[in-house]
Each structure stands twice: as C-alpha cells, then as structure tokens.
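The structure file run.csv is reproduced below (CSV, C-alpha atoms and all ligand atoms).
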chain,number,residue,atom,x,y,z
L,69,MET,CA,91.1,117.2,66.0
L,70,LYS,CA,92.5,120.4,67.5
L,71,VAL,CA,91.2,123.7,66.0
L,72,VAL,CA,92.9,127.0,65.4
L,73,ASP,CA,90.7,129.7,63.9
L,74,MET,CA,92.0,133.0,62.6
L,75,HIS,CA,88.9,135.0,62.6
L,76,CYS,CA,85.6,135.5,64.4
L,77,ASP,CA,83.4,138.6,65.2
L,78,THR,CA,82.1,137.2,68.5
L,79,MET,CA,83.5,140.1,70.7
L,80,ALA,CA,81.8,142.7,68.5
L,81,GLU,CA,78.5,140.8,69.0
L,82,ILE,CA,79.1,140.8,72.8
L,83,TRP,CA,80.0,144.5,72.7
L,84,TYR,CA,76.8,145.4,70.7
L,85,GLY,CA,74.8,143.4,73.2
L,86,LEU,CA,76.3,145.3,76.1
L,87,ARG,CA,75.5,148.6,74.4
L,88,GLU,CA,72.0,147.6,73.8
L,89,GLY,CA,71.4,146.5,77.4
L,90,ARG,CA,71.3,142.7,76.6
L,91,PRO,CA,74.5,141.2,78.2
L,92,ILE,CA,75.9,138.2,76.4
L,93,SER,CA,78.3,135.9,78.1
L,94,LEU,CA,81.3,134.3,76.4
L,95,LEU,CA,80.8,131.2,78.6
L,96,LYS,CA,77.4,130.3,77.2
L,97,ASN,CA,75.3,132.1,74.6
L,98,ASN,CA,73.3,131.7,71.4
L,99,LEU,CA,76.1,132.9,69.1
L,100,HIS,CA,78.3,130.6,67.0
L,101,ILE,CA,81.1,130.8,69.6
L,102,ASP,CA,81.1,130.3,73.3
L,103,LEU,CA,83.5,128.5,75.6
L,104,GLY,CA,81.3,125.4,76.0
L,105,LYS,CA,81.0,125.0,72.3
L,106,MET,CA,84.7,125.7,71.8
L,107,LYS,CA,85.5,123.0,74.2
L,108,LYS,CA,83.2,120.6,72.5
L,109,GLY,CA,84.8,121.5,69.1
L,110,ASP,CA,88.3,120.7,70.6
L,111,TYR,CA,89.6,124.3,70.2
L,112,LEU,CA,93.2,125.1,70.8
L,113,LEU,CA,93.1,128.8,69.8
L,114,GLN,CA,90.6,131.3,68.6
L,115,ASN,CA,91.5,134.7,67.2
L,116,PHE,CA,89.0,137.3,68.4
L,117,ALA,CA,88.7,140.2,66.1
L,118,MET,CA,87.9,143.6,67.4
L,119,PHE,CA,85.7,144.5,64.5
L,120,VAL,CA,85.1,148.3,64.0
L,121,ASN,CA,82.6,149.5,61.4
L,122,LEU,CA,83.7,153.0,60.4
L,123,GLY,CA,80.2,153.6,59.0
L,124,ARG,CA,78.3,152.7,62.0
L,125,ASP,CA,80.3,152.7,65.2
L,126,MET,CA,81.4,155.7,67.3
L,127,ASP,CA,84.9,157.1,67.1
L,128,SER,CA,87.0,154.3,65.8
L,129,LEU,CA,89.8,154.4,68.4
L,130,GLU,CA,87.3,154.7,71.2
L,131,SER,CA,85.4,151.7,69.7
L,132,VAL,CA,88.5,149.5,69.6
L,133,LEU,CA,89.5,150.4,73.1
L,134,GLN,CA,86.0,149.5,74.4
L,135,LEU,CA,86.1,146.3,72.4
L,136,ILE,CA,89.5,145.4,73.9
L,137,ASP,CA,88.1,146.0,77.4
L,138,VAL,CA,85.2,143.7,76.6
L,139,PHE,CA,87.7,141.0,75.4
L,140,TYR,CA,89.8,141.1,78.5
L,141,GLN,CA,86.7,141.3,80.8
L,142,GLU,CA,85.2,138.2,79.2
L,143,ILE,CA,88.4,136.1,78.9
L,144,GLU,CA,89.6,137.0,82.4
L,145,LYS,CA,86.4,135.8,83.9
L,146,TYR,CA,87.2,132.2,83.0
L,147,PRO,CA,90.9,131.7,83.7
L,148,GLU,CA,90.5,127.9,84.1
L,149,GLN,CA,89.2,127.6,80.6
L,150,ILE,CA,90.9,130.2,78.4
L,151,GLY,CA,93.9,132.5,78.5
L,152,VAL,CA,95.1,135.4,76.3
L,153,VAL,CA,98.2,134.8,74.2
L,154,LYS,CA,100.7,137.4,73.1
L,155,THR,CA,103.6,135.0,72.3
L,156,TYR,CA,103.8,131.4,71.0
L,157,SER,CA,105.0,130.2,74.4
L,158,ASP,CA,101.9,131.7,76.0
L,159,MET,CA,99.9,129.2,73.9
L,160,GLU,CA,102.2,126.4,74.9
L,161,LYS,CA,101.7,127.3,78.5
L,162,ASN,CA,97.9,127.3,78.1
L,163,MET,CA,98.0,124.0,76.4
L,164,ALA,CA,100.1,122.5,79.2
L,165,ALA,CA,97.5,123.9,81.7
L,166,GLY,CA,94.6,122.4,79.7
L,167,ARG,CA,93.4,125.9,78.8
L,168,MET,CA,92.2,127.1,75.4
L,169,SER,CA,93.9,130.3,74.0
L,170,ALA,CA,92.5,133.6,72.8
L,171,MET,CA,94.4,136.0,70.5
L,172,LEU,CA,93.5,139.6,70.1
L,173,THR,CA,93.2,140.9,66.6
L,174,VAL,CA,91.8,144.0,64.9
L,175,GLU,CA,89.6,144.1,61.8
L,176,GLU,CA,90.0,147.7,60.6
L,177,GLY,CA,93.4,149.4,60.4
L,178,GLY,CA,91.6,152.7,60.4
L,179,VAL,CA,91.2,152.6,64.2
L,180,CYS,CA,94.8,153.9,64.4
L,181,LYS,CA,93.8,157.0,62.4
L,182,GLY,CA,97.1,156.8,60.5
L,183,ASN,CA,99.2,157.3,63.6
L,184,PRO,CA,101.8,154.6,64.3
L,185,ALA,CA,101.8,155.6,68.0
L,186,TYR,CA,98.3,154.1,68.3
L,187,LEU,CA,99.5,151.0,66.4
L,188,ARG,CA,102.2,150.6,69.1
L,189,ASP,CA,99.7,151.2,71.8
L,190,LEU,CA,97.5,148.4,70.4
L,191,TYR,CA,100.5,146.1,70.3
L,192,ARG,CA,101.1,146.9,74.0
L,193,LEU,CA,97.5,146.0,74.7
L,194,GLY,CA,98.1,142.6,73.1
L,195,VAL,CA,97.0,143.0,69.5
L,196,ARG,CA,98.9,140.5,67.3
L,197,MET,CA,97.1,140.6,63.9
L,198,MET,CA,95.3,143.4,62.0
L,199,THR,CA,93.5,143.8,58.7
L,200,LEU,CA,94.7,147.0,57.0
L,201,THR,CA,91.1,147.8,56.0
L,202,TRP,CA,87.6,146.5,56.4
L,203,ASN,CA,85.1,147.6,53.6
L,204,PHE,CA,85.9,151.3,53.8
L,205,GLU,CA,88.8,153.4,52.5
L,206,ASN,CA,90.9,154.5,55.5
L,207,GLU,CA,94.3,156.3,56.1
L,208,LEU,CA,96.2,153.2,55.2
L,209,ALA,CA,94.6,151.7,52.1
L,210,PHE,CA,91.7,150.9,49.9
L,211,PRO,CA,89.4,147.8,50.3
L,212,ASN,CA,87.9,145.7,47.5
L,213,ASP,CA,84.6,147.3,46.7
L,214,VAL,CA,82.0,145.2,48.4
L,215,PRO,CA,78.5,146.3,47.4
L,216,GLY,CA,75.4,145.8,49.5
L,217,ASP,CA,75.2,143.6,52.6
L,218,THR,CA,74.0,140.1,52.2
L,219,CYS,CA,72.7,139.7,48.6
L,220,GLN,CA,75.7,140.4,46.5
L,221,VAL,CA,75.6,140.5,42.8
L,222,PHE,CA,78.1,138.7,40.6
L,223,PRO,CA,80.3,139.5,38.8
L,224,PHE,CA,82.4,141.7,41.1
L,225,PHE,CA,84.9,144.3,40.1
L,226,PRO,CA,87.9,144.1,42.4
L,227,ASN,CA,89.9,147.2,42.9
L,228,LYS,CA,93.1,146.7,40.9
L,229,GLU,CA,94.2,150.4,40.8
L,230,LYS,CA,94.2,151.7,44.4
L,231,GLY,CA,96.2,149.8,47.0
L,232,LEU,CA,98.2,151.1,50.0
L,233,LYS,CA,98.7,154.7,50.8
L,234,LYS,CA,102.0,156.2,52.1
L,235,LYS,CA,100.9,155.7,55.7
L,236,GLY,CA,100.0,152.1,54.9
L,237,LEU,CA,103.5,151.5,53.9
L,238,VAL,CA,104.8,153.0,57.1
L,239,PHE,CA,102.4,150.8,59.0
L,240,LEU,CA,103.5,147.7,57.2
L,241,GLU,CA,107.1,148.2,58.3
L,242,GLU,CA,106.0,149.0,61.9
L,243,MET,CA,103.7,145.9,62.0
L,244,GLU,CA,106.5,143.7,60.9
L,245,ARG,CA,108.9,145.2,63.4
L,246,LEU,CA,106.5,144.9,66.3
L,247,GLY,CA,105.2,141.5,65.5
L,248,ILE,CA,101.6,142.3,64.5
L,249,ILE,CA,100.7,139.9,61.7
L,250,VAL,CA,99.6,141.7,58.5
L,251,ASP,CA,96.1,140.5,57.5
L,252,VAL,CA,95.1,141.1,53.8
L,253,SER,CA,91.5,140.0,54.1
L,254,HIS,CA,89.2,142.8,52.8
L,255,LEU,CA,92.1,144.6,51.2
L,256,SER,CA,91.9,145.6,47.5
L,257,ASP,CA,93.7,143.5,44.9
L,258,ALA,CA,96.2,146.4,44.4
L,259,GLY,CA,96.7,146.5,48.2
L,260,PHE,CA,97.5,142.8,48.3
L,261,TYR,CA,100.3,143.2,45.8
L,262,ASP,CA,101.6,146.3,47.7
L,263,VAL,CA,101.8,144.1,50.8
L,264,TYR,CA,103.5,141.4,48.9
L,265,ARG,CA,106.1,143.7,47.5
L,266,ASN,CA,106.8,145.7,50.7
L,267,THR,CA,107.0,143.0,53.3
L,268,LYS,CA,109.5,140.3,54.1
L,269,LYS,CA,107.7,138.1,56.6
L,270,PRO,CA,104.7,135.8,56.0
L,271,PHE,CA,101.4,137.5,56.0
L,272,VAL,CA,97.9,136.0,56.2
L,273,ALA,CA,94.4,136.4,54.7
L,274,SER,CA,92.6,135.5,58.0
L,275,HIS,CA,89.2,134.8,56.4
L,276,SER,CA,89.2,134.6,52.6
L,277,ASN,CA,88.6,131.8,50.1
L,278,ALA,CA,89.5,131.2,46.4
L,279,ARG,CA,88.1,133.4,43.7
L,280,ALA,CA,88.4,130.7,41.1
L,281,LEU,CA,85.6,128.8,42.8
L,282,CYS,CA,83.6,131.9,43.9
L,283,GLY,CA,84.2,135.2,42.1
L,284,HIS,CA,83.5,137.3,45.2
L,285,CYS,CA,86.1,140.0,45.5
L,286,ARG,CA,86.6,139.1,49.2
L,287,ASN,CA,88.4,136.0,47.8
L,288,LEU,CA,91.9,135.5,46.5
L,289,THR,CA,92.9,134.9,42.9
L,290,ASP,CA,95.1,131.9,42.2
L,291,ASP,CA,98.1,134.3,41.7
L,292,MET,CA,97.5,135.8,45.1
L,293,ILE,CA,97.2,132.3,46.7
L,294,ARG,CA,100.5,131.3,45.2
L,295,LYS,CA,102.2,134.5,46.3
L,296,LEU,CA,100.8,134.3,49.8
L,297,ALA,CA,101.9,130.6,50.0
L,298,GLU,CA,105.4,131.4,48.5
L,299,ARG,CA,105.9,133.8,51.4
L,300,GLY,CA,104.9,131.2,54.0
L,301,GLY,CA,101.5,132.7,54.7
L,302,VAL,CA,98.1,131.0,55.3
L,303,THR,CA,94.6,131.8,54.2
L,304,GLY,CA,91.7,130.9,56.6
L,305,LEU,CA,88.7,129.1,55.0
L,306,ASN,CA,85.7,131.4,55.5
L,307,TYR,CA,82.4,129.5,56.1
L,308,CYS,CA,80.1,132.2,54.7
L,309,ALA,CA,78.1,130.9,51.7
L,310,SER,CA,78.6,134.1,49.8
L,311,PHE,CA,82.4,133.4,49.7
L,312,LEU,CA,82.1,129.7,49.1
L,313,THR,CA,80.0,129.5,45.9
L,314,GLU,CA,78.4,131.6,43.2
L,315,ARG,CA,75.4,129.3,43.2
L,316,ILE,CA,73.7,131.5,45.8
L,317,ALA,CA,73.6,134.2,43.2
L,318,ILE,CA,72.0,131.9,40.7
L,319,ASP,CA,69.8,129.6,42.7
L,320,ASP,CA,69.3,131.7,45.8
L,321,ILE,CA,70.5,128.7,47.8
L,322,CYS,CA,72.1,130.5,50.7
L,323,LYS,CA,73.5,127.5,52.5
L,324,SER,CA,77.1,127.0,53.6
L,325,THR,CA,78.0,123.3,53.6
L,326,VAL,CA,81.1,121.4,54.7
L,327,GLU,CA,81.2,120.0,51.1
L,328,LEU,CA,81.7,123.5,49.7
L,329,ILE,CA,84.3,124.4,52.4
L,330,ALA,CA,86.3,121.2,51.6
L,331,LYS,CA,86.2,122.0,47.9
L,332,GLN,CA,87.7,125.4,48.7
L,333,ALA,CA,90.3,123.7,50.8
L,334,ARG,CA,91.2,121.4,47.9
L,335,HIS,CA,91.5,124.3,45.4
L,336,LEU,CA,93.7,126.3,47.8
L,337,ALA,CA,95.9,123.3,48.4
L,338,ASN,CA,96.2,122.5,44.7
L,339,THR,CA,97.1,126.1,43.9
L,340,GLY,CA,99.3,127.2,46.8
L,341,GLY,CA,100.2,123.9,48.5
L,342,MET,CA,98.8,122.3,51.6
L,343,ALA,CA,100.8,124.6,53.8
L,344,CYS,CA,98.8,127.7,52.9
L,345,VAL,CA,95.4,126.4,54.1
L,346,GLY,CA,93.9,127.2,57.5
L,347,LEU,CA,90.6,128.0,59.1
L,348,GLY,CA,89.1,131.5,59.3
L,349,SER,CA,85.4,130.8,60.1
L,350,ASP,CA,84.1,134.3,60.3
L,351,PHE,CA,81.7,132.9,62.9
L,352,ASP,CA,79.4,135.6,64.4
L,353,GLY,CA,80.1,137.8,61.5
L,354,ILE,CA,78.2,135.9,58.8
L,355,LEU,CA,74.5,135.4,58.0
L,356,GLY,CA,72.7,132.5,56.2
L,357,GLU,CA,72.2,128.9,57.0
L,358,LEU,CA,75.4,127.1,58.1
L,359,GLU,CA,75.9,123.4,58.2
L,360,LEU,CA,78.6,124.2,60.7
L,361,SER,CA,75.9,125.9,62.7
L,362,ASP,CA,78.3,126.7,65.6
L,363,CYS,CA,81.9,126.0,66.6
L,364,SER,CA,81.1,122.7,68.3
L,365,LYS,CA,80.4,121.2,64.8
L,366,LEU,CA,83.9,121.3,63.5
L,367,PRO,CA,84.1,117.4,63.4
L,368,LEU,CA,81.7,117.6,60.5
L,369,LEU,CA,84.3,119.4,58.4
L,370,GLU,CA,87.0,117.0,59.6
L,371,ALA,CA,84.9,114.1,58.4
L,372,GLU,CA,84.1,115.8,55.0
L,373,LEU,CA,87.8,116.5,54.4
L,374,ARG,CA,88.5,112.8,55.0
L,375,LYS,CA,85.7,111.9,52.7
L,376,GLN,CA,87.1,114.1,50.0
L,377,GLY,CA,90.5,112.3,50.2
L,378,PHE,CA,92.5,114.5,52.5
L,379,HIS,CA,95.0,112.5,54.6
L,380,GLU,CA,95.2,112.7,58.4
L,381,SER,CA,98.3,114.8,58.3
L,382,GLU,CA,96.7,117.2,55.8
L,383,ILE,CA,93.6,117.7,57.9
L,384,GLU,CA,95.9,118.4,60.9
L,385,ALA,CA,97.8,121.0,58.8
L,386,ILE,CA,94.5,122.7,57.8
L,387,PHE,CA,92.9,122.6,61.2
L,388,TYR,CA,95.8,124.0,63.3
L,389,LYS,CA,99.4,123.2,62.3
L,390,ASN,CA,99.8,125.6,59.4
L,391,VAL,CA,98.6,128.6,61.4
L,392,LEU,CA,100.7,127.6,64.4
L,393,ARG,CA,103.7,127.5,62.1
L,394,VAL,CA,103.2,131.1,61.2
L,395,TYR,CA,102.5,132.1,64.8
L,396,LYS,CA,105.7,130.4,66.0
L,397,GLU,CA,107.7,132.2,63.4
L,398,LEU,CA,106.2,135.7,64.0
L,399,LEU,CA,105.1,135.8,67.6
R,401,ZN,ZN,85.6,140.3,57.7
For the file at hand, write its structure as structure tokens.
Amino acid sequence: MKVVDMHCDTMAEIWYGLREGRPISLLKNNLHIDLGKMKKGDYLLQNFAMFVNLGRDMDSLESVLQLIDVFYQEIEKYPEQIGVVKTYSDMEKNMAAGRMSAMLTVEEGGVCKGNPAYLRDLYRLGVRMMTLTWNFENELAFPNDVPGDTCQVFPFFPNKEKGLKKKGLVFLEEMERLGIIVDVSHLSDAGFYDVYRNTKKPFVASHSNARALCGHCRNLTDDMIRKLAERGGVTGLNYCASFLTERIAIDDICKSTVELIAKQARHLANTGGMACVGLGSDFDGILGELELSDCSKLPLLEAELRKQGFHESEIEAIFYKNVLRVYKELL
C-alpha cells in the first residue's frame, strides 16, 4: 500500500547530528525514517518538516535556512531514489521515474519573524506547508498550551481565547495566494477557528488526532474535525502514544500500538468522514515505544485497519489518496 505522510522531524535530527559532529545519512540511519526503510514501507511521498524550536535553536530564520540546506543536500545525494516536489506534477514525474517524493514543510511560522517577505522567500526555496506555531507564542498566533515534555498531565486546558494576531491574518492570505498549505497542528483552539473563518481553501492538521479519544490539547475536537473536513482538509494520524490515548496518564503504559491508531482513524472517519483522514506519523519527533517502530512497518497499520473493518478503498484513502487530493487542488 502506497504511503503519503504529512509530518516527520527527521531533517531536524539530521541537522542536530551535524551540529554535534555525528553525521547522520538519510540513506541509512538509526532513526525512524531513512530511504531504505521508506522503500520497504512503499512510500510515495514524505513531508519533511523543518522544525525550529524557538526556545532552543539559534536565530529562527538562520535555523530554518540551515535546515533547508540540509534537506537539499541530503535529498540531492540520492536522485535515483527520491526527488523534491514543489507541484503535484513533480510528484507524478517522480512516480513515473520510480522515485519517491520529498516535500519541504516548516514547523514554526515564527521563523518568518512576522515578515511576509521571508514567507515568500521560503516559498521560493520550495516550502509548501507551514504550521503557524509550534509550542510557543510567535508574531502570528498562540499555540495550545503544552506543558512539560513527555509526561503530560491530563486534563489539558486548551487556549480558547487567543488565536491569530493581525500578522497571522496577513500570513494566512499570503499563504493561500502563494500555495503554502496552512497547517493548524499545534495552534490554539481559538487560532483554529480564526483559520477556519479567514481562509477559503482546504487546510490541514498535519499531525493531530481526535480529542474525544485522547484529551490532549494537541488533538482536534469533534467540531474542529467536522469543520476541517467540511473545508476539504485532512488530519494526519499521529503515532505518538501521548496523542493516541489517555491510558498512558493512568497506567503509565507509554506504548503506541496500531490498534490505537486504527481506533483514532475510525473516530476521525465517523466524525468528519473518510475523506478527512490521512497519515502524519511525527516520526523522529516522538518518544516512547512504538509498534510502528520505523517507517518500514506501515504494513502493520494496513493490516490492523483491515482487521478493524476498513475496506480496501478506505485504507487507500487514509494511506495516500486523501492527502494527494488536497495537494492536487492546492499545489
Ligand atoms: Zn509537532
């Protein structure tokens, strides 16, 4: 089964490795994602997020520019295996040539420092999707408050008051005009509704699950799922245990299983329709034990979806067709 994944943090891991003097190759490594494992997992397209941590990294714009360089350096080393896509037809060309595809995305709208000129520059460099925030307030918007790092405490208190700032609204318009897909993962609840009210095109939550099954504020409420779906958007199933189930808070069982992921898929489909469900692994950005221990293991999820009663055409929709529909429309 072909795979299209809307989010991973692999490039940030490779970049951190470089900075610490331990080079990591995209071809073969110990991370969740490398080209060999992608091939084994039957990948069609992977979004590579340029993840910038405003609390840890150097200057945010400098960071994203370095990350983009790492992205191109790595992808361009293996032209037989993978190619960068900026348009839908680039992906079709890669497919015809038997190559996988890589899409450049940014996780932290703050890298633009509130200046649309830098947003346009990122577009020119190939960025085609961007989260407005990560877990920090920036010039554009407020995130949902995410306390701590790995051991989160339920219940969460999502931010329903503070959404997009004036510059965030300017960015939304410019992103839609350019063709940079708006990604609401990490954004506050208020911000989600600001995006919904102030955009016309489909938008995505690249790596978020359903809050009804797991009350983490990184997940979407049923109302948000319906609104995202109504607009033609997709949410990418996140494999992180913290976003799959609240059980980890109770039992301290920190394991992500394909059963839990499939249950999330079922809830998303029951709430927003089958067309709003996609994949957004968050590989190389998540901790804890994963049944999908790397990206070659996707057939385990395929089998579990089948076991839980999803039809073949529905599994295809979740694995790649829904996201490709959005890309075809917007890129
Ligand atoms: Zn994230």
With 7 Å as the threshold, what does the neighbourhood of (90.3, 135.2, 76.9) contain in terms of residues, counting all atoms listed in the file? Coordinates are those of the file; answer as a PDB file with C-alpha atoms, in the coordinates of the input.
ATOM      1  CA  PHE L 139      87.700 141.000  75.400  1.00  0.00           C
ATOM      2  CA  TYR L 140      89.800 141.100  78.500  1.00  0.00           C
ATOM      3  CA  GLU L 142      85.200 138.200  79.200  1.00  0.00           C
ATOM      4  CA  ILE L 143      88.400 136.100  78.900  1.00  0.00           C
ATOM      5  CA  GLU L 144      89.600 137.000  82.400  1.00  0.00           C
ATOM      6  CA  ILE L 150      90.900 130.200  78.400  1.00  0.00           C
ATOM      7  CA  GLY L 151      93.900 132.500  78.500  1.00  0.00           C
ATOM      8  CA  VAL L 152      95.100 135.400  76.300  1.00  0.00           C
ATOM      9  CA  SER L 169      93.900 130.300  74.000  1.00  0.00           C
ATOM     10  CA  ALA L 170      92.500 133.600  72.800  1.00  0.00           C
TER      11      ALA L 170
END
Contacts of Ser128 of chain L within 10 Å, only C-alpha atoms, excl. fewer than 4 positions in-chain, as number ranges by chain = L: 119-124, 132-134, 176-181
Once you have the residues from the selection above, write them out as a PDB file, in the coordinates of the input, restricted to C-alpha atoms.
ATOM      1  CA  PHE L 119      85.700 144.500  64.500  1.00  0.00           C
ATOM      2  CA  VAL L 120      85.100 148.300  64.000  1.00  0.00           C
ATOM      3  CA  ASN L 121      82.600 149.500  61.400  1.00  0.00           C
ATOM      4  CA  LEU L 122      83.700 153.000  60.400  1.00  0.00           C
ATOM      5  CA  GLY L 123      80.200 153.600  59.000  1.00  0.00           C
ATOM      6  CA  ARG L 124      78.300 152.700  62.000  1.00  0.00           C
ATOM      7  CA  VAL L 132      88.500 149.500  69.600  1.00  0.00           C
ATOM      8  CA  LEU L 133      89.500 150.400  73.100  1.00  0.00           C
ATOM      9  CA  GLN L 134      86.000 149.500  74.400  1.00  0.00           C
ATOM     10  CA  GLU L 176      90.000 147.700  60.600  1.00  0.00           C
ATOM     11  CA  GLY L 177      93.400 149.400  60.400  1.00  0.00           C
ATOM     12  CA  GLY L 178      91.600 152.700  60.400  1.00  0.00           C
ATOM     13  CA  VAL L 179      91.200 152.600  64.200  1.00  0.00           C
ATOM     14  CA  CYS L 180      94.800 153.900  64.400  1.00  0.00           C
ATOM     15  CA  LYS L 181      93.800 157.000  62.400  1.00  0.00           C
TER      16      LYS L 181
END
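Atom CA of Phe311 of chain L is found 12.6 Å from atom CA of Leu358 of chain L.
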Check every protein, DNA and RNA residue against ligand ZN 401 (chain R), keep those with an atom at most 9 Å away (counting only C-alpha atoms and all ligand atoms), and present them as a ChimeraX atom specification.
-> /L:75-77,117,119,175,199,202-203,253-254,274-276,286,350,353-354
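If you measure from each of L:Leu200, L:Leu355, L:Cys282, L:Ala333 to Gly377 of chain L using all atoms listed in the file, the closest one turns out to be L:Ala333.
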For Ile248 of chain L, work out the shell of residues within 12 Å, counting all atoms listed in the file and skipping chain neighbours fewer than 6 positions away, then give it as a PDB file with C-alpha atoms, in the frame of the given file.
ATOM      1  CA  LYS L 154     100.700 137.400  73.100  1.00  0.00           C
ATOM      2  CA  THR L 155     103.600 135.000  72.300  1.00  0.00           C
ATOM      3  CA  MET L 171      94.400 136.000  70.500  1.00  0.00           C
ATOM      4  CA  LEU L 172      93.500 139.600  70.100  1.00  0.00           C
ATOM      5  CA  THR L 173      93.200 140.900  66.600  1.00  0.00           C
ATOM      6  CA  VAL L 174      91.800 144.000  64.900  1.00  0.00           C
ATOM      7  CA  GLY L 177      93.400 149.400  60.400  1.00  0.00           C
ATOM      8  CA  LEU L 187      99.500 151.000  66.400  1.00  0.00           C
ATOM      9  CA  ARG L 188     102.200 150.600  69.100  1.00  0.00           C
ATOM     10  CA  ASP L 189      99.700 151.200  71.800  1.00  0.00           C
ATOM     11  CA  LEU L 190      97.500 148.400  70.400  1.00  0.00           C
ATOM     12  CA  TYR L 191     100.500 146.100  70.300  1.00  0.00           C
ATOM     13  CA  ARG L 192     101.100 146.900  74.000  1.00  0.00           C
ATOM     14  CA  LEU L 193      97.500 146.000  74.700  1.00  0.00           C
ATOM     15  CA  GLY L 194      98.100 142.600  73.100  1.00  0.00           C
ATOM     16  CA  VAL L 195      97.000 143.000  69.500  1.00  0.00           C
ATOM     17  CA  ARG L 196      98.900 140.500  67.300  1.00  0.00           C
ATOM     18  CA  MET L 197      97.100 140.600  63.900  1.00  0.00           C
ATOM     19  CA  MET L 198      95.300 143.400  62.000  1.00  0.00           C
ATOM     20  CA  THR L 199      93.500 143.800  58.700  1.00  0.00           C
ATOM     21  CA  LEU L 200      94.700 147.000  57.000  1.00  0.00           C
ATOM     22  CA  PHE L 239     102.400 150.800  59.000  1.00  0.00           C
ATOM     23  CA  LEU L 240     103.500 147.700  57.200  1.00  0.00           C
ATOM     24  CA  GLU L 241     107.100 148.200  58.300  1.00  0.00           C
ATOM     25  CA  GLU L 242     106.000 149.000  61.900  1.00  0.00           C
ATOM     26  CA  LYS L 269     107.700 138.100  56.600  1.00  0.00           C
ATOM     27  CA  PRO L 270     104.700 135.800  56.000  1.00  0.00           C
ATOM     28  CA  PHE L 271     101.400 137.500  56.000  1.00  0.00           C
ATOM     29  CA  VAL L 272      97.900 136.000  56.200  1.00  0.00           C
ATOM     30  CA  VAL L 394     103.200 131.100  61.200  1.00  0.00           C
ATOM     31  CA  TYR L 395     102.500 132.100  64.800  1.00  0.00           C
ATOM     32  CA  GLU L 397     107.700 132.200  63.400  1.00  0.00           C
ATOM     33  CA  LEU L 398     106.200 135.700  64.000  1.00  0.00           C
ATOM     34  CA  LEU L 399     105.100 135.800  67.600  1.00  0.00           C
TER      35      LEU L 399
END
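Considering only C-alpha atoms, the residue among L:Tyr146, L:Ala280, L:Glu160, L:Val238 positioned nearest to Ala185 of chain L is L:Val238.
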Selected residue, from L:Ala273, L:Leu86, L:Ile293, L:Ala80, that lies nearest to Leu347 of chain L when counting only C-alpha atoms |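 Nearest to Leu347 of chain L: L:Ala273.
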Could you tell me which of L:Asp110, L:Asp251, L:Asp291, L:Glu372 comes closest to Gly304 of chain L if we count only C-alpha atoms?
->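 For Gly304 of chain L, the nearest of the candidates is L:Asp251.
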Between atom CA of Glu359 of chain L and atom CA of Lys323 of chain L - distance in Å to one decimal =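 Atom-to-atom, atom CA of Lys323 of chain L to atom CA of Glu359 of chain L, that is 7.4 Å.
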Contacts of segment 91-105 of chain L within 6 Å, only C-alpha atoms, excl. fewer than 6 positions in-chain, as an mmCIF file with C-alpha atoms, keeping the file's coordinate frame:
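out-v6.cif, written as the output of this step:
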data_model
loop_
_atom_site.group_PDB
_atom_site.id
_atom_site.type_symbol
_atom_site.label_atom_id
_atom_site.label_comp_id
_atom_site.auth_asym_id
_atom_site.auth_seq_id
_atom_site.Cartn_x
_atom_site.Cartn_y
_atom_site.Cartn_z
ATOM 1 C CA ILE L 82 79.100 140.800 72.800
ATOM 2 C CA GLY L 85 74.800 143.400 73.200
ATOM 3 C CA PHE L 351 81.700 132.900 62.900
ATOM 4 C CA ASP L 352 79.400 135.600 64.400
ATOM 5 C CA ASP L 362 78.300 126.700 65.600
ATOM 6 C CA CYS L 363 81.900 126.000 66.600
ATOM 7 C CA SER L 364 81.100 122.700 68.300
#
Gap from atom CA of Thr313 of chain L to atom CA of Asn390 of chain L - Å, one decimal | 24.3 Å
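You can rank L:Arg245, L:Lys161, L:Lys268, L:Lys233 by their closest distance to Gly301 of chain L using all atoms listed in the file, and at the top of that list sits L:Lys268.
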Might you pull out every residue within 9 Å of Tyr388 of chain L, with all atoms listed in the file counted and same-chain residues fewer than 5 positions away left off, and present them as a PyMOL selection string?
-> chain L and resi 69-73+112-113+346-347+383+393
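Contact shell of Phe210 of chain L at 9 Å (all atoms listed in the file; same-chain neighbours under 3 positions omitted): Leu200, Thr201, Trp202, Asn203, Phe204, Glu205, Asn206, Glu207, Asp213, Asn227, Lys230, Gly231, Leu232, Lys233, His254, Leu255, Ser256, Ala258 and Gly259 of chain L.
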L:Ser157, L:Asn266, L:Thr325, L:Asn277: which is nearest Asp290 of chain L, counting all atoms listed in the file?
->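 For Asp290 of chain L, the nearest of the candidates is L:Asn277.
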